[in-house]
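Raw start-v5.json, JSON, C-alpha atoms (C1' of nucleotides):
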[["chain", "number", "residue", "atom", "x", "y", "z"],
["A", 3, "GLU", "CA", -14.75, -38.44, -48.76],
["A", 4, "ARG", "CA", -15.00, -38.40, -52.48],
["A", 5, "ILE", "CA", -15.71, -34.71, -52.67],
["A", 6, "SER", "CA", -12.59, -33.51, -50.98],
["A", 7, "LEU", "CA", -10.59, -35.99, -52.98],
["A", 8, "GLN", "CA", -11.83, -34.53, -56.17],
["A", 9, "CYS", "CA", -11.57, -30.89, -55.31],
["A", 10, "SER", "CA", -8.51, -30.39, -53.20],
["A", 11, "HIS", "CA", -5.99, -30.35, -56.00],
["A", 12, "LEU", "CA", -8.09, -28.49, -58.43],
["A", 13, "LEU", "CA", -7.35, -24.90, -57.55],
["A", 14, "PRO", "CA", -3.61, -24.69, -58.26],
["A", 15, "HIS", "CA", -4.16, -26.14, -61.70],
["A", 16, "LEU", "CA", -6.93, -23.71, -62.29],
["A", 17, "PHE", "CA", -4.80, -20.73, -61.45],
["A", 18, "SER", "CA", -1.90, -21.57, -63.67],
["A", 19, "TYR", "CA", -4.10, -22.82, -66.44],
["A", 20, "VAL", "CA", -6.27, -19.78, -66.71],
["A", 21, "VAL", "CA", -3.40, -17.33, -66.30],
["A", 22, "LEU", "CA", -1.41, -18.89, -69.05],
["A", 23, "PHE", "CA", -4.30, -19.25, -71.35],
["A", 24, "PHE", "CA", -5.74, -15.79, -71.16],
["A", 25, "PHE", "CA", -2.72, -13.60, -70.73],
["A", 26, "TRP", "CA", 0.21, -15.16, -72.45],
["A", 27, "ALA", "CA", -1.92, -16.03, -75.39],
["A", 28, "GLY", "CA", -2.78, -12.44, -75.97],
["A", 29, "LEU", "CA", -5.93, -11.28, -74.25],
["A", 30, "SER", "CA", -8.01, -11.64, -77.38],
["A", 31, "ILE", "CA", -11.34, -12.89, -76.15],
["A", 32, "ARG", "CA", -13.86, -13.12, -78.87],
["A", 33, "SER", "CA", -16.38, -15.59, -77.56],
["A", 34, "ASN", "CA", -18.30, -13.19, -75.42],
["A", 35, "GLN", "CA", -21.83, -14.46, -75.37],
["A", 36, "GLU", "CA", -23.46, -12.29, -72.79],
["A", 37, "GLU", "CA", -26.27, -14.79, -72.45],
["A", 38, "GLU", "CA", -26.41, -16.91, -69.33],
["A", 39, "PRO", "CA", -28.20, -20.06, -70.39],
["A", 40, "VAL", "CA", -29.08, -20.90, -66.77],
["A", 41, "ASP", "CA", -27.99, -24.45, -67.23],
["A", 42, "PRO", "CA", -30.94, -26.76, -66.58],
["A", 43, "GLN", "CA", -28.67, -29.37, -65.11],
["A", 44, "LEU", "CA", -27.29, -26.86, -62.67],
["A", 45, "MET", "CA", -30.84, -25.96, -61.74],
["A", 46, "ARG", "CA", -31.58, -29.61, -61.12],
["A", 47, "LEU", "CA", -28.56, -30.01, -58.88],
["A", 48, "ASP", "CA", -29.36, -26.84, -57.00],
["A", 49, "ASN", "CA", -32.93, -27.90, -56.44],
["A", 50, "MET", "CA", -31.93, -31.27, -55.18],
["A", 51, "LEU", "CA", -29.33, -29.91, -52.82],
["A", 52, "LEU", "CA", -31.84, -27.43, -51.54],
["A", 53, "ALA", "CA", -34.49, -30.10, -51.08],
["A", 54, "GLU", "CA", -32.03, -32.31, -49.29],
["A", 55, "GLY", "CA", -31.12, -29.52, -46.90],
["A", 56, "VAL", "CA", -27.50, -29.45, -48.03],
["A", 57, "ALA", "CA", -27.56, -26.05, -49.64],
["A", 58, "GLY", "CA", -30.23, -24.53, -47.45],
["A", 59, "PRO", "CA", -29.94, -22.61, -44.19],
["A", 60, "GLU", "CA", -26.88, -23.49, -42.20],
["A", 61, "LYS", "CA", -28.47, -24.86, -39.06],
["A", 62, "GLY", "CA", -32.18, -24.30, -38.83],
["A", 63, "GLY", "CA", -33.27, -26.48, -41.72],
["A", 64, "GLY", "CA", -32.00, -29.76, -40.39],
["A", 65, "SER", "CA", -35.22, -31.28, -39.13],
["A", 66, "ALA", "CA", -37.22, -29.83, -41.98],
["A", 67, "ALA", "CA", -34.85, -31.37, -44.46],
["A", 68, "ALA", "CA", -35.08, -34.73, -42.76],
["A", 69, "ALA", "CA", -38.85, -34.55, -42.79],
["A", 70, "ALA", "CA", -38.82, -33.62, -46.44],
["A", 71, "ALA", "CA", -36.53, -36.52, -47.20],
["A", 72, "ALA", "CA", -38.77, -38.89, -45.28],
["A", 73, "ALA", "CA", -41.83, -37.61, -47.11],
["A", 74, "ALA", "CA", -40.10, -37.91, -50.45],
["A", 75, "SER", "CA", -39.13, -41.50, -49.75],
["A", 76, "GLY", "CA", -42.79, -42.46, -49.73],
["A", 77, "GLY", "CA", -43.32, -42.85, -46.00],
["A", 78, "VAL", "CA", -42.56, -46.55, -46.07],
["A", 79, "SER", "CA", -40.58, -46.54, -42.85],
["A", 80, "PRO", "CA", -42.82, -46.22, -39.82],
["A", 81, "ASP", "CA", -40.21, -46.24, -37.08],
["A", 82, "ASN", "CA", -37.71, -43.59, -38.06],
["A", 83, "SER", "CA", -36.04, -42.54, -34.85],
["A", 84, "ILE", "CA", -32.76, -44.37, -34.40],
["A", 85, "GLU", "CA", -31.99, -45.06, -38.02],
["A", 86, "HIS", "CA", -32.58, -41.48, -38.98],
["A", 87, "SER", "CA", -30.12, -39.97, -36.54],
["A", 88, "ASP", "CA", -27.32, -41.82, -38.23],
["A", 89, "TYR", "CA", -28.58, -40.71, -41.58],
["A", 90, "ARG", "CA", -28.78, -37.11, -40.47],
["A", 91, "ASN", "CA", -25.29, -37.27, -39.08],
["A", 92, "LYS", "CA", -23.87, -38.37, -42.38],
["A", 93, "LEU", "CA", -25.94, -35.80, -44.20],
["A", 94, "ALA", "CA", -24.65, -33.05, -41.94],
["A", 95, "GLN", "CA", -21.15, -34.25, -42.65],
["A", 96, "ILE", "CA", -21.71, -33.98, -46.36],
["A", 97, "ARG", "CA", -23.25, -30.57, -45.90],
["A", 98, "GLN", "CA", -20.25, -29.34, -43.96],
["A", 99, "ILE", "CA", -17.84, -30.52, -46.59],
["A", 100, "TYR", "CA", -19.95, -28.95, -49.26],
["A", 101, "HIS", "CA", -20.07, -25.60, -47.54],
["A", 102, "THR", "CA", -16.39, -25.45, -46.74],
["A", 103, "GLU", "CA", -15.50, -26.37, -50.29],
["A", 104, "LEU", "CA", -17.93, -23.84, -51.66],
["A", 105, "GLU", "CA", -16.48, -21.15, -49.46],
["A", 106, "LYS", "CA", -13.00, -22.07, -50.57],
["A", 107, "TYR", "CA", -14.04, -21.69, -54.16],
["A", 108, "GLU", "CA", -15.68, -18.39, -53.48],
["A", 109, "GLN", "CA", -12.58, -17.06, -51.82],
["A", 110, "ALA", "CA", -10.32, -18.37, -54.54],
["A", 111, "CYS", "CA", -12.52, -16.82, -57.16],
["A", 112, "ASN", "CA", -12.37, -13.44, -55.50],
["A", 113, "GLU", "CA", -8.63, -13.62, -55.02],
["A", 114, "PHE", "CA", -8.13, -14.58, -58.58],
["A", 115, "THR", "CA", -10.40, -11.84, -59.84],
["A", 116, "THR", "CA", -8.51, -9.15, -57.95],
["A", 117, "HIS", "CA", -5.28, -10.60, -59.20],
["A", 118, "VAL", "CA", -6.47, -10.41, -62.74],
["A", 119, "MET", "CA", -7.66, -6.86, -62.20],
["A", 120, "ASN", "CA", -4.27, -5.86, -60.98],
["A", 121, "LEU", "CA", -2.65, -7.36, -64.01],
["A", 122, "LEU", "CA", -5.08, -5.56, -66.25],
["A", 123, "ARG", "CA", -4.35, -2.29, -64.54],
["A", 124, "GLU", "CA", -0.70, -2.85, -65.06],
["A", 125, "GLN", "CA", -1.25, -3.52, -68.72],
["A", 126, "SER", "CA", -3.41, -0.46, -69.13],
["A", 127, "ARG", "CA", -0.27, 1.70, -68.89],
["A", 128, "THR", "CA", 1.11, 0.30, -72.12],
["A", 129, "ARG", "CA", -2.17, -0.39, -73.85],
["A", 130, "PRO", "CA", -5.64, 1.10, -73.55],
["A", 131, "ILE", "CA", -8.10, -1.37, -72.09],
["A", 132, "SER", "CA", -11.79, -0.68, -72.26],
["A", 133, "PRO", "CA", -14.02, -1.37, -69.26],
["A", 134, "LYS", "CA", -16.04, -3.61, -71.51],
["A", 135, "GLU", "CA", -13.05, -5.81, -71.91],
["A", 136, "ILE", "CA", -12.52, -5.97, -68.19],
["A", 137, "GLU", "CA", -16.10, -6.93, -67.66],
["A", 138, "ARG", "CA", -15.76, -9.69, -70.21],
["A", 139, "MET", "CA", -12.70, -10.91, -68.40],
["A", 140, "VAL", "CA", -14.49, -11.09, -65.11],
["A", 141, "ASN", "CA", -17.37, -12.88, -66.74],
["A", 142, "ILE", "CA", -15.08, -15.51, -68.13],
["A", 143, "ILE", "CA", -13.48, -16.06, -64.79],
["A", 144, "HIS", "CA", -16.77, -16.40, -63.04],
["A", 145, "ARG", "CA", -18.01, -18.83, -65.61],
["A", 146, "LYS", "CA", -14.94, -20.91, -65.10],
["A", 147, "PHE", "CA", -15.40, -20.99, -61.38],
["A", 148, "SER", "CA", -19.08, -21.75, -61.57],
["A", 149, "SER", "CA", -18.32, -24.76, -63.68],
["A", 150, "ILE", "CA", -16.03, -25.94, -60.93],
["A", 151, "GLN", "CA", -18.81, -25.30, -58.47],
["A", 152, "MET", "CA", -21.08, -27.41, -60.55],
["A", 153, "GLN", "CA", -18.67, -30.28, -60.28],
["A", 154, "LEU", "CA", -18.74, -29.89, -56.54],
["A", 155, "LYS", "CA", -22.51, -29.83, -56.55],
["A", 156, "GLN", "CA", -22.70, -32.86, -58.73],
["A", 157, "SER", "CA", -20.42, -34.95, -56.58],
["A", 158, "THR", "CA", -22.29, -33.79, -53.51],
["A", 159, "CYS", "CA", -25.53, -34.90, -55.07],
["A", 160, "GLU", "CA", -23.97, -38.23, -55.85],
["A", 161, "ALA", "CA", -22.89, -38.64, -52.27],
["A", 162, "VAL", "CA", -26.34, -37.79, -51.02],
["A", 163, "MET", "CA", -27.92, -40.26, -53.39],
["A", 164, "ILE", "CA", -25.59, -42.99, -52.24],
["A", 165, "LEU", "CA", -26.32, -42.12, -48.64],
["A", 166, "ARG", "CA", -30.05, -42.28, -49.22],
["A", 167, "SER", "CA", -29.94, -45.59, -50.99],
["A", 168, "ARG", "CA", -27.81, -46.88, -48.18],
["A", 169, "PHE", "CA", -29.98, -45.78, -45.29],
["A", 170, "LEU", "CA", -33.48, -45.29, -46.59],
["A", 171, "ASP", "CA", -33.72, -48.53, -48.49],
["A", 172, "ALA", "CA", -35.75, -50.68, -46.14],
["A", 173, "ARG", "CA", -34.10, -53.83, -47.36],
["A", 174, "ARG", "CA", -30.87, -52.82, -45.75],
["A", 175, "LYS", "CA", -32.16, -52.56, -42.22],
["A", 176, "ARG", "CA", -34.72, -55.28, -42.11],
["A", 177, "ARG", "CA", -36.16, -56.26, -38.76],
["A", 178, "ASN", "CA", -38.22, -59.36, -38.31],
["A", 179, "PHE", "CA", -41.69, -58.78, -37.06],
["A", 180, "SER", "CA", -42.41, -59.49, -33.45],
["A", 181, "LYS", "CA", -43.41, -62.99, -32.46],
["A", 182, "GLN", "CA", -46.93, -61.95, -31.65],
["A", 183, "ALA", "CA", -47.26, -60.10, -34.94],
["A", 184, "THR", "CA", -46.38, -63.20, -36.95],
["A", 185, "GLU", "CA", -48.68, -65.08, -34.63],
["A", 186, "VAL", "CA", -51.60, -62.88, -35.59],
["A", 187, "LEU", "CA", -50.75, -62.97, -39.26],
["A", 188, "ASN", "CA", -50.35, -66.74, -39.31],
["A", 189, "GLU", "CA", -53.57, -67.17, -37.44],
["A", 190, "TYR", "CA", -55.41, -65.23, -40.09],
["A", 191, "PHE", "CA", -53.62, -66.98, -42.91],
["A", 192, "TYR", "CA", -54.31, -70.51, -41.77],
["A", 193, "SER", "CA", -57.84, -69.83, -40.72],
["A", 194, "HIS", "CA", -58.56, -68.40, -44.16],
["A", 195, "LEU", "CA", -56.44, -70.89, -46.01],
["A", 196, "SER", "CA", -59.06, -71.49, -48.67],
["A", 197, "ASN", "CA", -58.99, -67.81, -49.56],
["A", 198, "PRO", "CA", -56.02, -66.10, -47.92],
["A", 199, "TYR", "CA", -56.75, -62.69, -49.38],
["A", 200, "PRO", "CA", -57.66, -60.22, -46.65],
["A", 201, "SER", "CA", -59.75, -57.26, -47.71],
["A", 202, "GLU", "CA", -58.53, -53.72, -47.25],
["A", 203, "GLU", "CA", -60.42, -53.50, -44.03],
["A", 204, "ALA", "CA", -59.03, -56.76, -42.75],
["A", 205, "LYS", "CA", -55.56, -55.65, -43.70],
["A", 206, "GLU", "CA", -56.08, -52.47, -41.77],
["A", 207, "GLU", "CA", -57.10, -54.35, -38.68],
["A", 208, "LEU", "CA", -54.21, -56.75, -38.97],
["A", 209, "ALA", "CA", -51.84, -53.87, -39.42],
["A", 210, "LYS", "CA", -53.16, -52.19, -36.32],
["A", 211, "LYS", "CA", -52.96, -55.41, -34.34],
["A", 212, "CYS", "CA", -49.42, -56.13, -35.43],
["A", 213, "GLY", "CA", -48.06, -52.62, -35.27],
["A", 214, "ILE", "CA", -47.03, -52.60, -38.92],
["A", 215, "THR", "CA", -48.23, -50.83, -42.03],
["A", 216, "ILE", "CA", -50.84, -52.04, -44.45],
["A", 217, "SER", "CA", -48.29, -52.51, -47.19],
["A", 218, "GLN", "CA", -46.26, -54.63, -44.81],
["A", 219, "VAL", "CA", -49.32, -56.78, -44.25],
["A", 220, "SER", "CA", -49.73, -57.06, -48.00],
["A", 221, "ASN", "CA", -46.09, -57.98, -48.37],
["A", 222, "TRP", "CA", -46.41, -60.61, -45.69],
["A", 223, "PHE", "CA", -49.42, -62.22, -47.29],
["A", 224, "GLY", "CA", -47.84, -62.08, -50.70],
["A", 225, "ASN", "CA", -44.73, -63.79, -49.44],
["A", 226, "LYS", "CA", -46.70, -66.25, -47.35],
["A", 227, "ARG", "CA", -49.01, -67.30, -50.17],
["A", 228, "ILE", "CA", -46.26, -67.88, -52.67],
["A", 229, "ARG", "CA", -44.02, -69.65, -50.20],
["A", 230, "TYR", "CA", -46.79, -71.80, -48.88],
["A", 231, "LYS", "CA", -47.76, -72.80, -52.36],
["A", 232, "LYS", "CA", -44.15, -73.47, -53.27],
["A", 233, "ASN", "CA", -43.97, -76.39, -50.94],
["A", 234, "ILE", "CA", -46.88, -77.10, -48.70],
["A", 235, "GLY", "CA", -45.00, -79.86, -46.98],
["A", 236, "LYS", "CA", -42.69, -77.52, -45.18],
["A", 237, "PHE", "CA", -45.62, -75.65, -43.73],
["A", 238, "GLN", "CA", -47.69, -78.65, -42.61],
["A", 239, "GLU", "CA", -46.50, -78.43, -39.06],
["A", 240, "GLU", "CA", -47.23, -74.75, -38.83],
["A", 241, "ALA", "CA", -50.59, -75.25, -40.51],
["A", 242, "ASN", "CA", -51.59, -77.89, -38.00],
["A", 243, "ILE", "CA", -50.55, -75.72, -35.10],
["A", 244, "TYR", "CA", -52.70, -72.84, -36.19],
["A", 245, "ALA", "CA", -55.52, -75.13, -37.28],
["A", 246, "VAL", "CA", -55.89, -76.51, -33.80],
["A", 247, "LYS", "CA", -55.64, -73.01, -32.44],
["A", 248, "THR", "CA", -58.56, -71.79, -34.47],
["A", 249, "ALA", "CA", -60.41, -75.02, -33.75],
["A", 250, "VAL", "CA", -60.04, -74.46, -30.04],
["A", 251, "SER", "CA", -61.13, -70.88, -30.28],
["A", 252, "ALA", "CA", -64.12, -71.96, -32.39],
["A", 253, "THR", "CA", -65.27, -74.54, -29.87],
["A", 254, "GLN", "CA", -64.92, -71.93, -27.17],
["A", 255, "GLY", "CA", -67.16, -69.69, -29.23],
["A", 256, "THR", "CA", -65.08, -66.52, -29.12],
["A", 257, "HIS", "CA", -66.30, -65.29, -32.47],
["A", 258, "SER", "CA", -67.65, -66.72, -35.72],
["A", 259, "GLY", "CA", -65.53, -64.97, -38.30],
["A", 260, "THR", "CA", -63.29, -67.80, -39.44],
["A", 261, "ASP", "CA", -63.40, -70.29, -42.24],
["A", 262, "SER", "CA", -63.62, -73.97, -41.69],
["A", 263, "PRO", "CA", -60.38, -74.97, -39.96],
["A", 264, "THR", "CA", -59.96, -78.06, -42.12],
["A", 265, "THR", "CA", -57.22, -77.65, -44.69],
["A", 266, "PRO", "CA", -58.74, -77.98, -48.16],
["A", 267, "THR", "CA", -55.54, -78.79, -50.00],
["A", 268, "SER", "CA", -55.06, -82.46, -49.21],
["A", 269, "ALA", "CA", -53.87, -82.28, -45.64],
["A", 270, "GLY", "CA", -51.94, -85.49, -45.15],
["A", 271, "THR", "CA", -50.67, -85.90, -41.62],
["B", 5, "DA", "C1'", -18.98, -69.95, -42.09],
["B", 6, "DA", "C1'", -22.62, -72.09, -44.59],
["B", 7, "DT", "C1'", -27.47, -72.19, -44.91],
["B", 8, "DA", "C1'", -32.26, -71.23, -44.06],
["B", 9, "DA", "C1'", -35.76, -67.82, -43.03],
["B", 10, "DT", "C1'", -37.68, -63.49, -43.87],
["B", 11, "DG", "C1'", -39.16, -58.80, -45.17],
["B", 12, "DA", "C1'", -38.90, -55.76, -49.22],
["B", 13, "DT", "C1'", -38.44, -54.72, -54.08],
["B", 14, "DT", "C1'", -39.08, -55.33, -58.99],
["B", 15, "DG", "C1'", -41.18, -56.64, -63.35],
["B", 16, "DA", "C1'", -44.78, -59.20, -65.49],
["B", 17, "DT", "C1'", -49.51, -60.51, -65.63],
["B", 18, "DT", "C1'", -54.36, -60.38, -65.05],
["C", 5, "DA", "C1'", -54.74, -51.91, -58.68],
["C", 6, "DA", "C1'", -53.68, -56.35, -56.77],
["C", 7, "DT", "C1'", -51.09, -60.22, -57.06],
["C", 8, "DC", "C1'", -47.46, -63.54, -58.59],
["C", 9, "DA", "C1'", -42.84, -64.95, -59.21],
["C", 10, "DA", "C1'", -38.20, -64.08, -58.89],
["C", 11, "DT", "C1'", -34.75, -61.81, -56.53],
["C", 12, "DC", "C1'", -32.18, -58.96, -53.19],
["C", 13, "DA", "C1'", -30.27, -58.03, -48.67],
["C", 14, "DT", "C1'", -30.52, -58.79, -44.07],
["C", 15, "DT", "C1'", -31.28, -61.70, -40.00],
["C", 16, "DA", "C1'", -31.58, -66.24, -37.56],
["C", 17, "DT", "C1'", -29.97, -70.81, -37.20],
["C", 18, "DT", "C1'", -27.09, -74.73, -37.86]]

Mind converting the file's structure to structure tokens?
Amino acid sequence: ERISLQCSHLLPHLFSYVVLFFFWAGLSIRSNQEEEPVDPQLMRLDNMLLAEGVAGPEKGGGSAAAAAAAAASGGVSPDNSIEHSDYRNKLAQIRQIYHTELEKYEQACNEFTTHVMNLLREQSRTRPISPKEIERMVNIIHRKFSSIQMQLKQSTCEAVMILRSRFLDARRKRRNFSKQATEVLNEYFYSHLSNPYPSEEAKEELAKKCGITISQVSNWFGNKRIRYKKNIGKFQEEANIYAVKTAVSATQGTHSGTDSPTTPTSAGT
DNA sequence: AATAATGATTGATT
DNA sequence: AATCAATCATTATT
């Protein structure tokens, strides 16, 4: 939305501005650095747009771009099916705007160039104009237009960044774990209450059991530890529930992998 | 609508 | 590198 807002009223100004400046002021163009510095910022923008699939192939690169984006995000989101379609929709929207705007610029640039050429031809009747001068003229025009293009690219990048932070940030689409998953996690936590620090292997097993990632298991235990410690009273009930659970399973002799079910930290009730 | 619960992130610490 | 503590942003509950 922001792109079109910024660019729609730019072209008329550009036309009048450049015409007045370069022709009525006398055609004396001295600053003709032939060097193209290949602006590093422009390179950055181009690379990002390409990586994001905005500037790439028109239709074929959609899934590849999404995969690249997912990979770049760190692979934190395990279930990317429904959320991603929305994201890809918005991205395609941005891409469409970008391409139409870019095409508009291209066309305007060509039109303007031919216009300028005509004017130059007209002037060449009264005054000799070297082809070098014409070339310089065209260069200037193209530079002007490419700077406008860079603005477009920049605002497109901005939009993509906003979109990503809006959709790929896991905080914004948080789902609670399933009841059985929290069941499993709590069972482990309260049966290892004296040392609630699962090893990498244990984490892996828990993750597999709960259908979540290892880092999610780590997050859960981190949160659980700190929140349990913060006020143990609030968790007494829960602790008792899972204590009797493990006690029952211990008496039934399912397996001998658990700590002593008695709470070591002054269990009151 | 207020409030609690909860998963994720961030910066410091060890 | 793992964890703590604080915090954010969403979801569940009252």

Can you pull out every residue within 10 Å of segment 12-15 of chain B, counting only C-alpha atoms (C1' of nucleotides), but drop anything in the same chain fewer than 6 positions away, and send it as a list in words?
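Once the nearby chain positions are removed, what remains is Asp171, Ala172, Arg173, Arg174, Arg176, Gln218, Asn221, Trp222 and Asn225 of chain A; DA9, DA10, DT11, DC12 and DA13 of chain C.
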
Do a neighbour search on Tyr100 of chain A at 8 Å with only C-alpha atoms (C1' of nucleotides), toss out local chain neighbours closer than 6 positions, and write the hits as a list in words.
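Close residues of Tyr100 of chain A: Ile5, Val56, Leu154, Lys155 and Thr158 of chain A.
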
Each chain A residue no farther than 12 Å from chain C, nearest pair in Å, only C-alpha atoms (C1' of nucleotides), as a tab-separated table:
residue	atom	partner	partner_atom	distance
A:Arg168	CA	C:DA13	C1'	11.4
A:Asp171	CA	C:DA13	C1'	10.1
A:Ala172	CA	C:DA13	C1'	9.5
A:Arg173	CA	C:DA13	C1'	5.8
A:Arg174	CA	C:DA13	C1'	6.0
A:Lys175	CA	C:DT14	C1'	6.7
A:Arg176	CA	C:DT14	C1'	5.8
A:Arg177	CA	C:DT15	C1'	7.4
A:Asn178	CA	C:DT15	C1'	7.5
A:Phe179	CA	C:DT15	C1'	11.2
A:Pro198	CA	C:DT7	C1'	11.9
A:Tyr199	CA	C:DT7	C1'	9.9
A:Pro200	CA	C:DA6	C1'	11.5
A:Ser201	CA	C:DA6	C1'	10.9
A:Glu202	CA	C:DA6	C1'	11.0
A:Ser217	CA	C:DA6	C1'	11.6
A:Ser220	CA	C:DA6	C1'	9.6
A:Asn221	CA	C:DT7	C1'	10.3
A:Phe223	CA	C:DT7	C1'	10.1
A:Gly224	CA	C:DT7	C1'	7.4
A:Asn225	CA	C:DC8	C1'	9.6
A:Lys226	CA	C:DC8	C1'	11.6
A:Arg227	CA	C:DC8	C1'	9.4
A:Ile228	CA	C:DC8	C1'	7.4
A:Arg229	CA	C:DA9	C1'	10.2
A:Lys231	CA	C:DC8	C1'	11.2
A:Lys232	CA	C:DA9	C1'	10.5

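Between atom CA of Met163 of chain A and atom CA of Asn91 of chain A lies a distance of 14.9 Å.
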
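Reported to one decimal place, the separation of atom CA of Val250 of chain A from atom CA of Val219 of chain A is 25.1 Å.
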
May I have the protein, DNA and RNA residues with an atom at most 12 Å from (-32.0, -76.4, -46.4), counting all atoms listed in the file in the file's coordinates, returned as a ChimeraX atom specification?
/A:236 /B:6-9 /C:17-18

Emit the selected residues as a PDB file, keeping the file's coordinate frame, including C-alpha atoms (C1' of nucleotides).
ATOM      1  CA  LYS A 236     -42.690 -77.520 -45.180  1.00  0.00           C
TER       2      LYS A 236
ATOM      3  C1'  DA B   6     -22.620 -72.090 -44.590  1.00  0.00           C
ATOM      4  C1'  DT B   7     -27.470 -72.190 -44.910  1.00  0.00           C
ATOM      5  C1'  DA B   8     -32.260 -71.230 -44.060  1.00  0.00           C
ATOM      6  C1'  DA B   9     -35.760 -67.820 -43.030  1.00  0.00           C
TER       7       DA B   9
ATOM      8  C1'  DT C  17     -29.970 -70.810 -37.200  1.00  0.00           C
ATOM      9  C1'  DT C  18     -27.090 -74.730 -37.860  1.00  0.00           C
TER      10       DT C  18
END

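Our summary of the geometry notes that atom CA of Gln156 of chain A is positioned 21.2 Å from atom CA of Ile142 of chain A.
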
From the set A:Ala57, A:Ile214, A:Met152, A:Ile143, which residue has the shortest atom-to-atom contact distance to Arg97 of chain A, counting all atoms listed in the file?
A:Ala57

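Checking A:Gln151, A:Thr184, A:Leu104, A:Glu135 one by one against chain B, counting all atoms listed in the file, you find the shortest gap at A:Thr184.
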
Find the residues around Thr116 of chain A up to 12 Å (only C-alpha atoms (C1' of nucleotides) counted), leave out those fewer than 5 positions away in its own chain, and share them as number ranges by chain.
A: 109-111, 121-123, 136, 139-140, 143

Keeping C-alpha atoms, export the residues of the selection given above as a compact mmCIF listing (two decimals), keeping the file's coordinate frame.
# COMPACT_ATOMS: atom_id res chain seq x y z
CA GLN A 109 -12.58 -17.06 -51.82
CA ALA A 110 -10.32 -18.37 -54.54
CA CYS A 111 -12.52 -16.82 -57.16
CA LEU A 121 -2.65 -7.36 -64.01
CA LEU A 122 -5.08 -5.56 -66.25
CA ARG A 123 -4.35 -2.29 -64.54
CA ILE A 136 -12.52 -5.97 -68.19
CA MET A 139 -12.70 -10.91 -68.40
CA VAL A 140 -14.49 -11.09 -65.11
CA ILE A 143 -13.48 -16.06 -64.79

Each side padded by 4 Å, which centre and which edge lengths in Å (one decimal) define the axis-aligned box around the listed atoms of segment 11-17 of chain C? Give them as JSON.
{"center_x": -32.4, "center_y": -64.4, "center_z": -46.9, "size_x": 12.8, "size_y": 20.8, "size_z": 27.3}

Of the candidates A:His101, A:Lys247, A:Arg46, A:Lys181, which shows the shortest atom-to-atom distance to Pro59 of chain A, using only C-alpha atoms?
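Comparing A:His101, A:Lys247, A:Arg46, A:Lys181 against Pro59 of chain A, the winner is A:His101.
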